[in-house]
Structure formats: C-alpha cells, structure tokens
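**Student:** So that you have it, the file is coords39.csv, and it contains CSV, C-alpha atoms:
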```
chain,number,residue,atom,x,y,z
K,30,MET,CA,0.0,0.0,0.0
K,31,ARG,CA,2.9,2.4,0.8
K,32,THR,CA,4.5,1.8,-2.6
K,33,PHE,CA,1.1,2.3,-4.3
K,34,MET,CA,0.4,5.5,-2.5
K,35,HIS,CA,3.8,7.0,-3.4
K,36,ASN,CA,2.7,6.8,-7.1
K,37,ARG,CA,0.9,10.1,-7.6
K,38,LEU,CA,-0.5,9.2,-11.0
K,39,ALA,CA,-1.9,6.0,-9.5
K,40,VAL,CA,-3.6,7.9,-6.7
K,41,LEU,CA,-5.0,10.4,-9.1
K,42,GLY,CA,-6.2,7.5,-11.3
K,43,LEU,CA,-7.8,5.8,-8.3
K,44,ILE,CA,-9.7,9.0,-7.4
K,45,VAL,CA,-11.0,9.5,-10.9
K,46,LEU,CA,-12.0,5.8,-11.2
K,47,THR,CA,-13.7,5.9,-7.8
K,48,GLY,CA,-15.7,8.9,-9.0
K,49,PHE,CA,-16.9,7.0,-12.1
K,50,VAL,CA,-17.6,3.9,-10.1
K,51,CYS,CA,-19.7,5.9,-7.6
K,52,CYS,CA,-21.6,7.4,-10.5
K,53,ALA,CA,-22.2,4.0,-12.0
K,54,VAL,CA,-23.4,2.4,-8.7
K,55,PHE,CA,-25.7,5.3,-7.7
K,56,ALA,CA,-26.7,6.4,-11.3
K,57,GLN,CA,-30.4,6.4,-10.6
K,58,TRP,CA,-29.9,8.9,-7.7
K,59,VAL,CA,-27.0,10.9,-9.2
K,60,ALA,CA,-28.4,11.4,-12.7
K,61,PRO,CA,-30.7,14.5,-12.9
K,62,TYR,CA,-33.0,13.0,-15.6
K,63,ASP,CA,-34.1,9.7,-17.1
K,64,PRO,CA,-31.4,9.0,-19.7
K,65,LEU,CA,-34.1,7.9,-22.2
K,66,GLU,CA,-36.5,10.8,-21.7
K,67,MET,CA,-36.8,12.8,-24.9
K,68,ASP,CA,-37.6,16.5,-25.2
K,69,LEU,CA,-37.5,17.5,-28.9
K,70,GLY,CA,-38.1,21.2,-28.0
K,71,ASN,CA,-34.7,21.3,-26.2
K,72,LYS,CA,-32.5,19.3,-28.5
K,73,PHE,CA,-28.8,20.2,-29.2
K,74,LEU,CA,-28.6,22.5,-26.1
K,75,PRO,CA,-24.9,23.3,-25.5
K,76,PRO,CA,-23.0,22.4,-22.3
K,77,GLY,CA,-23.8,24.9,-19.5
K,78,SER,CA,-27.4,25.3,-20.5
K,79,GLU,CA,-29.9,25.9,-17.7
K,80,GLY,CA,-31.0,22.6,-16.2
K,81,HIS,CA,-28.6,20.6,-18.5
K,82,LEU,CA,-25.0,20.9,-17.3
K,83,LEU,CA,-23.6,19.0,-20.3
K,84,GLY,CA,-26.3,20.0,-22.8
K,85,THR,CA,-28.7,17.7,-24.7
K,86,ASP,CA,-28.5,15.4,-27.7
K,87,ASN,CA,-30.4,15.2,-30.9
K,88,PHE,CA,-33.5,13.9,-29.1
K,89,GLY,CA,-33.4,16.4,-26.3
K,90,ARG,CA,-32.1,13.8,-23.8
K,91,ASP,CA,-30.0,15.1,-20.9
K,92,PHE,CA,-26.4,14.3,-21.9
K,93,LEU,CA,-25.1,14.2,-18.3
K,94,SER,CA,-27.7,11.6,-17.4
K,95,ARG,CA,-26.8,9.5,-20.4
K,96,LEU,CA,-23.1,9.8,-19.6
K,97,ILE,CA,-23.7,8.7,-16.0
K,98,PHE,CA,-25.8,5.7,-17.0
K,99,GLY,CA,-23.2,4.9,-19.7
K,100,SER,CA,-20.5,4.6,-17.1
K,101,ARG,CA,-22.5,1.8,-15.5
K,102,ILE,CA,-22.7,-0.1,-18.7
K,103,SER,CA,-19.1,0.4,-19.9
K,104,LEU,CA,-17.5,-0.4,-16.5
K,105,SER,CA,-19.7,-3.4,-15.8
K,106,VAL,CA,-19.2,-4.8,-19.3
K,107,GLY,CA,-15.4,-4.3,-18.9
K,108,LEU,CA,-15.4,-6.2,-15.6
K,109,VAL,CA,-17.5,-9.1,-17.0
K,110,VAL,CA,-15.3,-9.4,-20.0
K,111,VAL,CA,-12.1,-9.6,-17.9
K,112,THR,CA,-13.7,-12.0,-15.4
K,113,ILE,CA,-14.7,-14.4,-18.3
K,114,ALA,CA,-11.3,-14.2,-19.9
K,115,MET,CA,-9.4,-14.5,-16.5
K,116,VAL,CA,-11.4,-17.6,-15.4
K,117,ILE,CA,-11.0,-19.4,-18.7
K,118,GLY,CA,-7.3,-18.4,-19.2
K,119,THR,CA,-6.2,-19.1,-15.6
K,120,PHE,CA,-7.8,-22.6,-15.6
K,121,LEU,CA,-6.3,-23.6,-18.9
K,122,GLY,CA,-2.9,-22.1,-18.0
K,123,LEU,CA,-2.9,-24.0,-14.7
K,124,ILE,CA,-3.7,-27.3,-16.5
K,125,ALA,CA,-1.2,-26.7,-19.3
K,126,GLY,CA,1.7,-25.7,-17.0
K,127,TYR,CA,1.2,-28.3,-14.3
K,128,PHE,CA,0.5,-31.4,-16.3
K,129,GLY,CA,2.5,-30.6,-19.5
K,130,GLY,CA,2.4,-33.1,-22.3
K,131,PHE,CA,-0.8,-33.4,-24.4
K,132,PRO,CA,-2.8,-30.8,-22.4
K,133,ASP,CA,0.0,-28.3,-22.8
K,134,ILE,CA,0.2,-28.9,-26.5
K,135,VAL,CA,-3.5,-28.5,-27.0
K,136,VAL,CA,-3.8,-25.3,-25.0
K,137,MET,CA,-0.7,-23.7,-26.6
K,138,ARG,CA,-1.9,-24.5,-30.1
K,139,LEU,CA,-5.3,-22.9,-29.3
K,140,VAL,CA,-3.4,-19.8,-28.0
K,141,GLU,CA,-1.5,-19.6,-31.2
K,142,ILE,CA,-4.6,-19.9,-33.3
K,143,PHE,CA,-6.2,-17.1,-31.4
K,144,TYR,CA,-3.1,-14.9,-31.6
K,145,SER,CA,-2.9,-15.5,-35.4
K,146,PHE,CA,-5.9,-13.2,-35.8
K,147,PRO,CA,-5.9,-9.5,-34.8
K,148,PHE,CA,-8.0,-9.2,-31.6
K,149,LEU,CA,-10.5,-6.6,-32.7
K,150,VAL,CA,-10.9,-8.0,-36.2
K,151,LEU,CA,-11.7,-11.4,-34.7
K,152,ALA,CA,-14.2,-9.9,-32.3
K,153,VAL,CA,-15.9,-7.9,-35.2
K,154,ALA,CA,-16.1,-11.1,-37.3
K,155,VAL,CA,-17.7,-13.1,-34.6
K,156,MET,CA,-20.1,-10.2,-33.7
K,157,ALA,CA,-21.1,-10.0,-37.4
K,158,VAL,CA,-22.2,-13.6,-37.2
K,159,LEU,CA,-23.9,-13.5,-33.7
K,160,GLY,CA,-25.5,-10.1,-34.3
K,161,PRO,CA,-25.2,-6.8,-32.4
K,162,SER,CA,-26.0,-7.2,-28.7
K,163,LEU,CA,-24.4,-6.1,-25.4
K,164,TYR,CA,-24.5,-9.7,-24.1
K,165,ASN,CA,-22.8,-11.0,-27.3
K,166,VAL,CA,-20.1,-8.3,-26.8
K,167,MET,CA,-19.3,-9.6,-23.3
K,168,LEU,CA,-19.3,-13.2,-24.4
K,169,VAL,CA,-17.2,-12.6,-27.5
K,170,LEU,CA,-14.6,-10.3,-25.9
K,171,GLY,CA,-14.3,-12.6,-22.9
K,172,ILE,CA,-13.7,-15.7,-25.1
K,173,VAL,CA,-11.1,-14.0,-27.4
K,174,SER,CA,-9.2,-12.5,-24.5
K,175,TRP,CA,-8.4,-15.6,-22.5
K,176,PRO,CA,-5.0,-16.5,-24.2
K,177,ILE,CA,-3.3,-13.6,-22.4
K,178,TYR,CA,-4.0,-15.2,-19.1
K,179,ALA,CA,-3.3,-18.7,-20.3
K,180,ARG,CA,0.2,-17.8,-21.4
K,181,LEU,CA,0.9,-15.8,-18.3
K,182,VAL,CA,-0.3,-18.5,-15.8
K,183,ARG,CA,1.4,-21.3,-17.7
K,184,GLY,CA,4.7,-19.5,-17.5
K,185,GLN,CA,4.3,-19.0,-13.7
K,186,VAL,CA,3.2,-22.6,-13.1
K,187,LEU,CA,6.2,-24.0,-15.1
K,188,THR,CA,8.4,-22.3,-12.5
K,189,LEU,CA,6.4,-22.9,-9.4
K,190,ARG,CA,5.7,-26.7,-10.0
K,191,GLU,CA,9.4,-27.4,-9.2
K,192,GLU,CA,9.5,-25.4,-6.0
K,193,THR,CA,10.2,-27.1,-2.7
K,194,PHE,CA,6.7,-26.3,-1.2
K,195,VAL,CA,5.0,-28.1,-4.1
K,196,GLU,CA,7.3,-31.1,-3.7
K,197,ALA,CA,6.5,-31.1,0.0
K,198,ALA,CA,2.7,-31.0,-0.7
K,199,ARG,CA,3.1,-34.0,-3.1
K,200,ALA,CA,5.1,-35.8,-0.4
K,201,VAL,CA,2.3,-35.6,2.2
K,202,GLY,CA,-0.2,-36.9,-0.4
K,203,ALA,CA,-1.9,-33.7,-1.5
K,204,SER,CA,-4.1,-34.1,-4.6
K,205,ASN,CA,-3.3,-32.4,-7.9
K,206,SER,CA,-6.3,-30.1,-7.5
K,207,ARG,CA,-5.3,-29.1,-4.0
K,208,ILE,CA,-1.7,-28.4,-5.1
K,209,LEU,CA,-3.0,-26.3,-8.1
K,210,PHE,CA,-5.6,-24.2,-6.3
K,211,ARG,CA,-4.2,-24.1,-2.7
K,212,HIS,CA,-0.5,-23.8,-3.3
K,213,ILE,CA,0.3,-22.7,-6.9
K,214,LEU,CA,-2.6,-20.4,-7.8
K,215,PRO,CA,-2.1,-18.0,-4.9
K,216,ASN,CA,1.5,-17.6,-5.9
K,217,CYS,CA,0.3,-16.6,-9.4
K,218,SER,CA,-2.1,-14.0,-8.2
K,219,SER,CA,0.1,-10.9,-8.4
K,220,PRO,CA,0.7,-11.0,-12.2
K,221,ILE,CA,-2.9,-12.0,-12.7
K,222,ILE,CA,-4.2,-9.0,-10.8
K,223,VAL,CA,-1.9,-6.6,-12.6
K,224,THR,CA,-2.9,-8.0,-16.0
K,225,ALA,CA,-6.6,-7.9,-15.1
K,226,ALA,CA,-6.3,-4.2,-14.2
K,227,MET,CA,-4.7,-3.5,-17.5
K,228,GLN,CA,-7.2,-5.6,-19.5
K,229,VAL,CA,-10.2,-3.9,-18.0
K,230,ALA,CA,-9.0,-0.7,-19.7
K,231,SER,CA,-8.5,-2.7,-23.0
K,232,ALA,CA,-12.0,-4.3,-22.6
K,233,ILE,CA,-13.6,-0.9,-22.2
K,234,LEU,CA,-11.9,0.4,-25.3
K,235,SER,CA,-13.0,-2.7,-27.3
K,236,VAL,CA,-16.6,-2.4,-26.1
K,237,ALA,CA,-16.6,1.3,-27.1
K,238,ALA,CA,-15.1,0.4,-30.5
K,239,LEU,CA,-17.7,-2.2,-31.2
K,240,GLY,CA,-20.4,0.2,-30.0
K,241,PHE,CA,-19.1,2.9,-32.3
K,242,LEU,CA,-19.2,0.4,-35.2
K,243,GLY,CA,-22.8,-0.4,-34.4
K,244,LEU,CA,-22.0,-4.0,-33.2
K,245,GLY,CA,-22.4,-3.4,-29.5
K,246,ALA,CA,-25.2,-1.8,-27.5
K,247,GLN,CA,-28.0,-0.6,-29.6
K,248,PRO,CA,-29.8,2.8,-29.4
K,249,PRO,CA,-31.3,4.2,-27.2
K,250,THR,CA,-29.0,2.4,-24.7
K,251,PRO,CA,-26.7,5.0,-23.1
K,252,GLU,CA,-23.3,3.2,-23.8
K,253,TRP,CA,-20.3,5.4,-24.4
K,254,GLY,CA,-19.3,3.8,-27.8
K,255,ALA,CA,-22.9,3.9,-29.0
K,256,MET,CA,-23.1,7.6,-27.9
K,257,LEU,CA,-20.0,8.3,-30.0
K,258,ASN,CA,-21.7,6.6,-33.0
K,259,GLU,CA,-24.8,8.7,-32.6
K,260,GLY,CA,-22.9,11.9,-32.1
K,261,LYS,CA,-20.6,11.6,-35.1
K,262,ARG,CA,-23.3,12.8,-37.4
K,263,PHE,CA,-23.6,16.1,-35.5
K,264,MET,CA,-19.9,17.0,-35.0
K,265,ARG,CA,-20.3,20.4,-36.6
K,266,ASN,CA,-23.3,21.8,-34.8
K,267,ALA,CA,-23.0,19.8,-31.6
K,268,PRO,CA,-19.4,18.7,-31.0
K,269,HIS,CA,-20.1,17.9,-27.3
K,270,LEU,CA,-22.0,14.8,-28.4
K,271,ILE,CA,-18.7,13.2,-29.4
K,272,THR,CA,-16.1,15.0,-27.3
K,273,ILE,CA,-17.6,14.3,-23.9
K,274,PRO,CA,-18.0,10.5,-24.2
K,275,GLY,CA,-14.5,10.4,-25.8
K,276,LEU,CA,-13.1,12.3,-22.8
K,277,ALA,CA,-14.9,9.9,-20.4
K,278,ILE,CA,-13.4,6.8,-22.1
K,279,MET,CA,-9.9,8.5,-22.1
K,280,LEU,CA,-10.1,9.3,-18.4
K,281,VAL,CA,-11.2,5.8,-17.4
K,282,VAL,CA,-8.7,4.0,-19.5
K,283,LEU,CA,-5.8,6.3,-18.4
K,284,SER,CA,-6.8,5.8,-14.7
K,285,LEU,CA,-6.9,2.0,-15.1
K,286,ASN,CA,-3.5,2.1,-16.8
K,287,PHE,CA,-2.0,4.2,-14.0
K,288,ILE,CA,-3.4,1.9,-11.4
K,289,GLY,CA,-2.1,-1.2,-13.2
K,290,ASP,CA,1.4,0.2,-13.4
K,291,ALA,CA,1.4,1.0,-9.7
K,292,LEU,CA,0.1,-2.4,-8.8
K,293,ARG,CA,2.8,-4.0,-10.9
K,294,ASP,CA,5.4,-2.0,-9.0
K,295,ALA,CA,3.8,-2.7,-5.6
K,296,LEU,CA,3.3,-6.5,-6.1
K,297,ASP,CA,6.5,-7.4,-7.9
K,298,PRO,CA,8.9,-8.7,-5.2
K,299,ARG,CA,11.9,-8.0,-7.4
K,300,LEU,CA,11.0,-4.3,-7.7
K,301,ARG,CA,10.4,-4.1,-3.9
K,302,GLY,CA,13.8,-5.6,-3.3
K,303,ILE,CA,15.4,-3.0,-5.6
K,304,GLU,CA,13.5,-0.2,-3.8
K,305,GLY,CA,14.6,-1.6,-0.4
K,306,GLN,CA,18.3,-1.5,-1.5
```
Give the structure from this file in structure tokens form.

**Tutor:**
Amino acid sequence: MRTFMHNRLAVLGLIVLTGFVCCAVFAQWVAPYDPLEMDLGNKFLPPGSEGHLLGTDNFGRDFLSRLIFGSRISLSVGLVVVTIAMVIGTFLGLIAGYFGGFPDIVVMRLVEIFYSFPFLVLAVAVMAVLGPSLYNVMLVLGIVSWPIYARLVRGQVLTLREETFVEAARAVGASNSRILFRHILPNCSSPIIVTAAMQVASAILSVAALGFLGLGAQPPTPEWGAMLNEGKRFMRNAPHLITIPGLAIMLVVLSLNFIGDALRDALDPRLRGIEGQ
C-alpha cells in the first residue's frame, strides 16, 4: 500500500476511477433526468445550459444523465469481459503448465490460433455472425481475451511446480487439485491482478469500439461507444456529443493504466527488493 500511495499518478487515477464507479453504482440517484426521456423542444442544447449541465443530444435527452448511466454499462461490461477471460485463461494455463504433455500442446496450439488473428478483427467477425448485442459483446470479448491469461499463468506454473513447497505437498499426499488451487494459484495471483487491471481498460476500449461500429449496445442504450456513434453525425453543430464521451473513455482508460502500473510496482517482489536497497 505504501508503494502504491507513493505513485501520484496511481492515486489520481484511483480518485478518478472511484468517481466514475460511484456514478455507475448510484446512477439512478446521481443522474438528474431519465437517460431515455426525450424533449424535442430542447435538442442540441450546448453544455452549461440551464437545467442541463452537459447539454442535450439530438432527441433532447439530458447528456449528463446518459453519460452517468453509460458509465454503469461500460464499467460493468469491462469487468464481466475480464472475469470471463481470466477464469478461462487461468484454468487452462494451470492445466497446461502443471501437467504438461498433451494438455499443454492443445492449450498452446489454441493460444497460437487465437493470436494469429488481430484481436478486434476477430471480435468484429464473430459479432457480425452473432448479431449486435451487449451480451454478445461480453461473451465474444471474454472468449477472445483468454489467451493472455493462459500464457501468463502457464509460465508462472512451469516455474512454481518445481519449487520445494510443491514437492512437500506431493510428499504428504496432496491431490493435484489441492496443489493447483491451494499452493500454486495463490503464488500466481500478483501478475494475474496486474494483467486484469490493464485488461479492464482494454476491454472498455474494445466495447466502445464495437459500440461505435454499431455492433455493441444498440440505441437508445446509453453506452459510451454507441453515444459516439450517434454523435458523429452532428460533429459540426453539436461537438459535445462526441467529445464528452470520448473524454470519459480516455479518463477511465488512463486511470486504469496508471493503477495497473502502480500495482505491478507494488506487487513485484523484485522491484520491492530494488527499492529496499
């Protein structure tokens, strides 16, 4: 905690991210209006207008309210995507690294197949088949993201499985599942946590990109990528419709990256040793 708190960018990122998370959790109380409520008589109001701090969109909907509810969707989808990828990748990485042989060959060949396609191109191709939907986005991004965790965990397990504490656990008759989940997995947790923090930012960007392409959340759902897609038609007369969601995405992604960098420094024992010297 001391190492993390000494990183000023990480602390700033944590403050910004906490603000967005609070808005997402308490959106129905924080948002001044219903994000779907239309008022065609007040469309395209600029930011700072009376009663509408961030203005209104092309349907007269309060843009601040849509941004707040959009944070709930973008952050929750990012967390779900990373959770799916982390569970699948961690499990397969444990199996491949611990048992080796045929399971290792199968998992690594699958990883190579997934890495042979550009990440976003593969996601777009699958989404084009399944159809645009927020649930499909979470499923597809989670499935195509697991190789990152599989390779990471496999590398950690290959080192840890020869350690003395694992040999001692085998000597007293511990089962393979107990060794994997009680002894090896906890010692892999630090790099997994750091990678997950980074990948939440990547997942939010990917969700926004698919939403911008029309393959994610569909109107009138207030999702940041979909809001960018709707606002791009009015860039000249209402630039706030595209700049504000873009700034929100940028702030969240930067905050998560700052936090991930600080977690890596705080959880890496080699870096702690250097700092101690």

**Student:** Taking 3 positions as the minimum chain separation for residues in the same chain, which residues sit within 7 Å of Ala291 of chain K when counting only C-alpha atoms? Answer as a PyMOL selection string.

**Tutor:** chain K and resi 33+36+39+287-288+294-295

**Student:** Could you give me, as a Markdown table, every segment 211-303 of chain K residue with an atom at most 8 Å from segment 174-183 of chain K, plus its closest atom pair and distance in Å to one decimal, counting all atoms listed in the file, rows ordered by chain then number?

**Tutor:**
```
| residue | atom | partner | partner_atom | distance |
| --- | --- | --- | --- | --- |
| K:Cys217 | CA | K:Val182 | CA | 6.7 |
| K:Pro220 | CA | K:Leu181 | CA | 7.8 |
| K:Ile221 | CA | K:Tyr178 | CA | 7.2 |
| K:Thr224 | CA | K:Tyr178 | CA | 7.9 |
```

**Student:** Restricting the output to C-alpha atoms, write the selected residues as a CSV table (one decimal), in the coordinates of the input.

**Tutor:**
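File result-v4.csv, as written:
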```
chain,number,residue,atom,x,y,z
K,217,CYS,CA,0.3,-16.6,-9.4
K,220,PRO,CA,0.7,-11.0,-12.2
K,221,ILE,CA,-2.9,-12.0,-12.7
K,224,THR,CA,-2.9,-8.0,-16.0
```

**Student:** From the options K:Phe210, K:Thr32, K:Leu242, K:Thr250, which residue's atoms come nearest to Asp63 of chain K, counting all atoms listed in the file?

**Tutor:**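 Closest residue, counting all atoms listed in the file: K:Thr250.
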
**Student:** Tell me, in Å to one decimal, how far atom CA of Phe49 of chain K is from atom CA of Met264 of chain K.

**Tutor:**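 Distance reported for this atom pair: 25.2 Å.
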
**Student:** Neighbours of segment 184-194 of chain K within 8 Å (only C-alpha atoms; same-chain residues fewer than 3 positions away dropped), as a list in words?

**Tutor:**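 Residues near the query, excluding close chain neighbours: Gly122, Leu123, Gly126, Tyr127, Arg180, Leu181, Ala197, Ala198, His212, Ile213 and Cys217 of chain K.
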
**Student:** Would you mind reading off the distance between atom CA of Leu239 of chain K and atom CA of Asp290 of chain K, one decimal, in Å?

**Tutor:**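 Taking atom CA of Leu239 of chain K as the start and atom CA of Asp290 of chain K as the end point, the length is 26.2 Å.
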
**Student:** Atom CA of Leu270 of chain K and atom CA of Leu83 of chain K, how far apart in Å?

**Tutor:**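 Separation between atom CA of Leu83 of chain K and atom CA of Leu270 of chain K: 9.3 Å.
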
**Student:** For Ser231 of chain K, which residue among K:Ala267, K:Val111, K:Ile273, K:Cys52 is the nearest when counting only C-alpha atoms?

**Tutor:**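 Checking each candidate against Ser231 of chain K, we get K:Val111 as the closest.
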
**Student:** Skip Gly260 of chain K itself and residues of its chain fewer than 4 positions away, then list as a PyMOL selection string all residues within 12 Å of it, counting all atoms listed in the file.

**Tutor:** chain K and resi 73+85-88+92+241+248+251+253-256+264-275

**Student:** Next, write the just-selected residues to a file, as a PDB file, in the frame of the given file, keeping C-alpha atoms as the atom set.

**Tutor:**
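The result, stored in part12.pdb:
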```pdb
ATOM      1  CA  PHE K  73     -28.800  20.200 -29.200  1.00  0.00           C
ATOM      2  CA  THR K  85     -28.700  17.700 -24.700  1.00  0.00           C
ATOM      3  CA  ASP K  86     -28.500  15.400 -27.700  1.00  0.00           C
ATOM      4  CA  ASN K  87     -30.400  15.200 -30.900  1.00  0.00           C
ATOM      5  CA  PHE K  88     -33.500  13.900 -29.100  1.00  0.00           C
ATOM      6  CA  PHE K  92     -26.400  14.300 -21.900  1.00  0.00           C
ATOM      7  CA  PHE K 241     -19.100   2.900 -32.300  1.00  0.00           C
ATOM      8  CA  PRO K 248     -29.800   2.800 -29.400  1.00  0.00           C
ATOM      9  CA  PRO K 251     -26.700   5.000 -23.100  1.00  0.00           C
ATOM     10  CA  TRP K 253     -20.300   5.400 -24.400  1.00  0.00           C
ATOM     11  CA  GLY K 254     -19.300   3.800 -27.800  1.00  0.00           C
ATOM     12  CA  ALA K 255     -22.900   3.900 -29.000  1.00  0.00           C
ATOM     13  CA  MET K 256     -23.100   7.600 -27.900  1.00  0.00           C
ATOM     14  CA  MET K 264     -19.900  17.000 -35.000  1.00  0.00           C
ATOM     15  CA  ARG K 265     -20.300  20.400 -36.600  1.00  0.00           C
ATOM     16  CA  ASN K 266     -23.300  21.800 -34.800  1.00  0.00           C
ATOM     17  CA  ALA K 267     -23.000  19.800 -31.600  1.00  0.00           C
ATOM     18  CA  PRO K 268     -19.400  18.700 -31.000  1.00  0.00           C
ATOM     19  CA  HIS K 269     -20.100  17.900 -27.300  1.00  0.00           C
ATOM     20  CA  LEU K 270     -22.000  14.800 -28.400  1.00  0.00           C
ATOM     21  CA  ILE K 271     -18.700  13.200 -29.400  1.00  0.00           C
ATOM     22  CA  THR K 272     -16.100  15.000 -27.300  1.00  0.00           C
ATOM     23  CA  ILE K 273     -17.600  14.300 -23.900  1.00  0.00           C
ATOM     24  CA  PRO K 274     -18.000  10.500 -24.200  1.00  0.00           C
ATOM     25  CA  GLY K 275     -14.500  10.400 -25.800  1.00  0.00           C
TER      26      GLY K 275
END
```

**Student:** Just want the 12 Å neighbourhood of Asp91 of chain K, counted on all atoms listed in the file, with same-chain residues fewer than 3 positions away dropped. Output as a PDB file with C-alpha atoms, in the coordinates of the input.

**Tutor:**
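Final output, part.pdb:
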```pdb
ATOM      1  CA  ALA K  60     -28.400  11.400 -12.700  1.00  0.00           C
ATOM      2  CA  PRO K  61     -30.700  14.500 -12.900  1.00  0.00           C
ATOM      3  CA  TYR K  62     -33.000  13.000 -15.600  1.00  0.00           C
ATOM      4  CA  ASP K  63     -34.100   9.700 -17.100  1.00  0.00           C
ATOM      5  CA  PRO K  64     -31.400   9.000 -19.700  1.00  0.00           C
ATOM      6  CA  LEU K  65     -34.100   7.900 -22.200  1.00  0.00           C
ATOM      7  CA  GLU K  66     -36.500  10.800 -21.700  1.00  0.00           C
ATOM      8  CA  MET K  67     -36.800  12.800 -24.900  1.00  0.00           C
ATOM      9  CA  ASP K  68     -37.600  16.500 -25.200  1.00  0.00           C
ATOM     10  CA  LEU K  69     -37.500  17.500 -28.900  1.00  0.00           C
ATOM     11  CA  ASN K  71     -34.700  21.300 -26.200  1.00  0.00           C
ATOM     12  CA  LYS K  72     -32.500  19.300 -28.500  1.00  0.00           C
ATOM     13  CA  PHE K  73     -28.800  20.200 -29.200  1.00  0.00           C
ATOM     14  CA  LEU K  74     -28.600  22.500 -26.100  1.00  0.00           C
ATOM     15  CA  PRO K  75     -24.900  23.300 -25.500  1.00  0.00           C
ATOM     16  CA  PRO K  76     -23.000  22.400 -22.300  1.00  0.00           C
ATOM     17  CA  GLY K  77     -23.800  24.900 -19.500  1.00  0.00           C
ATOM     18  CA  SER K  78     -27.400  25.300 -20.500  1.00  0.00           C
ATOM     19  CA  GLU K  79     -29.900  25.900 -17.700  1.00  0.00           C
ATOM     20  CA  GLY K  80     -31.000  22.600 -16.200  1.00  0.00           C
ATOM     21  CA  HIS K  81     -28.600  20.600 -18.500  1.00  0.00           C
ATOM     22  CA  LEU K  82     -25.000  20.900 -17.300  1.00  0.00           C
ATOM     23  CA  LEU K  83     -23.600  19.000 -20.300  1.00  0.00           C
ATOM     24  CA  GLY K  84     -26.300  20.000 -22.800  1.00  0.00           C
ATOM     25  CA  THR K  85     -28.700  17.700 -24.700  1.00  0.00           C
ATOM     26  CA  ASP K  86     -28.500  15.400 -27.700  1.00  0.00           C
ATOM     27  CA  ASN K  87     -30.400  15.200 -30.900  1.00  0.00           C
ATOM     28  CA  PHE K  88     -33.500  13.900 -29.100  1.00  0.00           C
ATOM     29  CA  SER K  94     -27.700  11.600 -17.400  1.00  0.00           C
ATOM     30  CA  ARG K  95     -26.800   9.500 -20.400  1.00  0.00           C
ATOM     31  CA  LEU K  96     -23.100   9.800 -19.600  1.00  0.00           C
ATOM     32  CA  ILE K  97     -23.700   8.700 -16.000  1.00  0.00           C
ATOM     33  CA  PHE K  98     -25.800   5.700 -17.000  1.00  0.00           C
ATOM     34  CA  PRO K 251     -26.700   5.000 -23.100  1.00  0.00           C
ATOM     35  CA  LEU K 270     -22.000  14.800 -28.400  1.00  0.00           C
TER      36      LEU K 270
END
```

**Student:** Restricting the calculation to only C-alpha atoms: of K:Gly289, K:Gly70, K:Pro249, K:Gly130, which residue gets closest to Leu38 of chain K?

**Tutor:** K:Gly289

**Student:** Would you please work out which residue, of K:Ala125, K:Ile102, K:Leu280, K:Ile208, is nearest to Gly42 of chain K when using only C-alpha atoms?

**Tutor:**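 Answer, going by the shortest atom-to-atom distance: K:Leu280.
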
**Student:** Go through K:Leu244, K:Val281, K:Lys261, K:Leu41 one by one, measure the shortest atom-to-atom distance of each to Ala232 of chain K using all atoms listed in the file, and give the residue with the smallest value.

**Tutor:**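 Checking each candidate against Ala232 of chain K, we get K:Val281 as the closest.
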
**Student:** Counting all atoms listed in the file, which of K:Met34, K:Val140, K:Ala154, K:Leu214 gets nearest to Thr119 of chain K?

**Tutor:**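 When distances to Thr119 of chain K are compared using all atoms listed in the file, the smallest one comes from K:Leu214.
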
**Student:** List the neighbours of Val109 of chain K out to 12 Å using only C-alpha atoms; skip same-chain residues closer than 5 positions along the sequence, and give me the result as a JSON list (two decimals) with C-alpha atoms, in the frame of the given file.

**Tutor:**
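Written file, selection.json:
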```json
[["chain", "number", "residue", "atom", "x", "y", "z"],
["K", 102, "ILE", "CA", -22.70, -0.10, -18.70],
["K", 103, "SER", "CA", -19.10, 0.40, -19.90],
["K", 104, "LEU", "CA", -17.50, -0.40, -16.50],
["K", 114, "ALA", "CA", -11.30, -14.20, -19.90],
["K", 115, "MET", "CA", -9.40, -14.50, -16.50],
["K", 116, "VAL", "CA", -11.40, -17.60, -15.40],
["K", 163, "LEU", "CA", -24.40, -6.10, -25.40],
["K", 164, "TYR", "CA", -24.50, -9.70, -24.10],
["K", 165, "ASN", "CA", -22.80, -11.00, -27.30],
["K", 166, "VAL", "CA", -20.10, -8.30, -26.80],
["K", 167, "MET", "CA", -19.30, -9.60, -23.30],
["K", 168, "LEU", "CA", -19.30, -13.20, -24.40],
["K", 169, "VAL", "CA", -17.20, -12.60, -27.50],
["K", 170, "LEU", "CA", -14.60, -10.30, -25.90],
["K", 171, "GLY", "CA", -14.30, -12.60, -22.90],
["K", 172, "ILE", "CA", -13.70, -15.70, -25.10],
["K", 174, "SER", "CA", -9.20, -12.50, -24.50],
["K", 225, "ALA", "CA", -6.60, -7.90, -15.10],
["K", 228, "GLN", "CA", -7.20, -5.60, -19.50],
["K", 229, "VAL", "CA", -10.20, -3.90, -18.00],
["K", 232, "ALA", "CA", -12.00, -4.30, -22.60],
["K", 233, "ILE", "CA", -13.60, -0.90, -22.20],
["K", 236, "VAL", "CA", -16.60, -2.40, -26.10]]
```
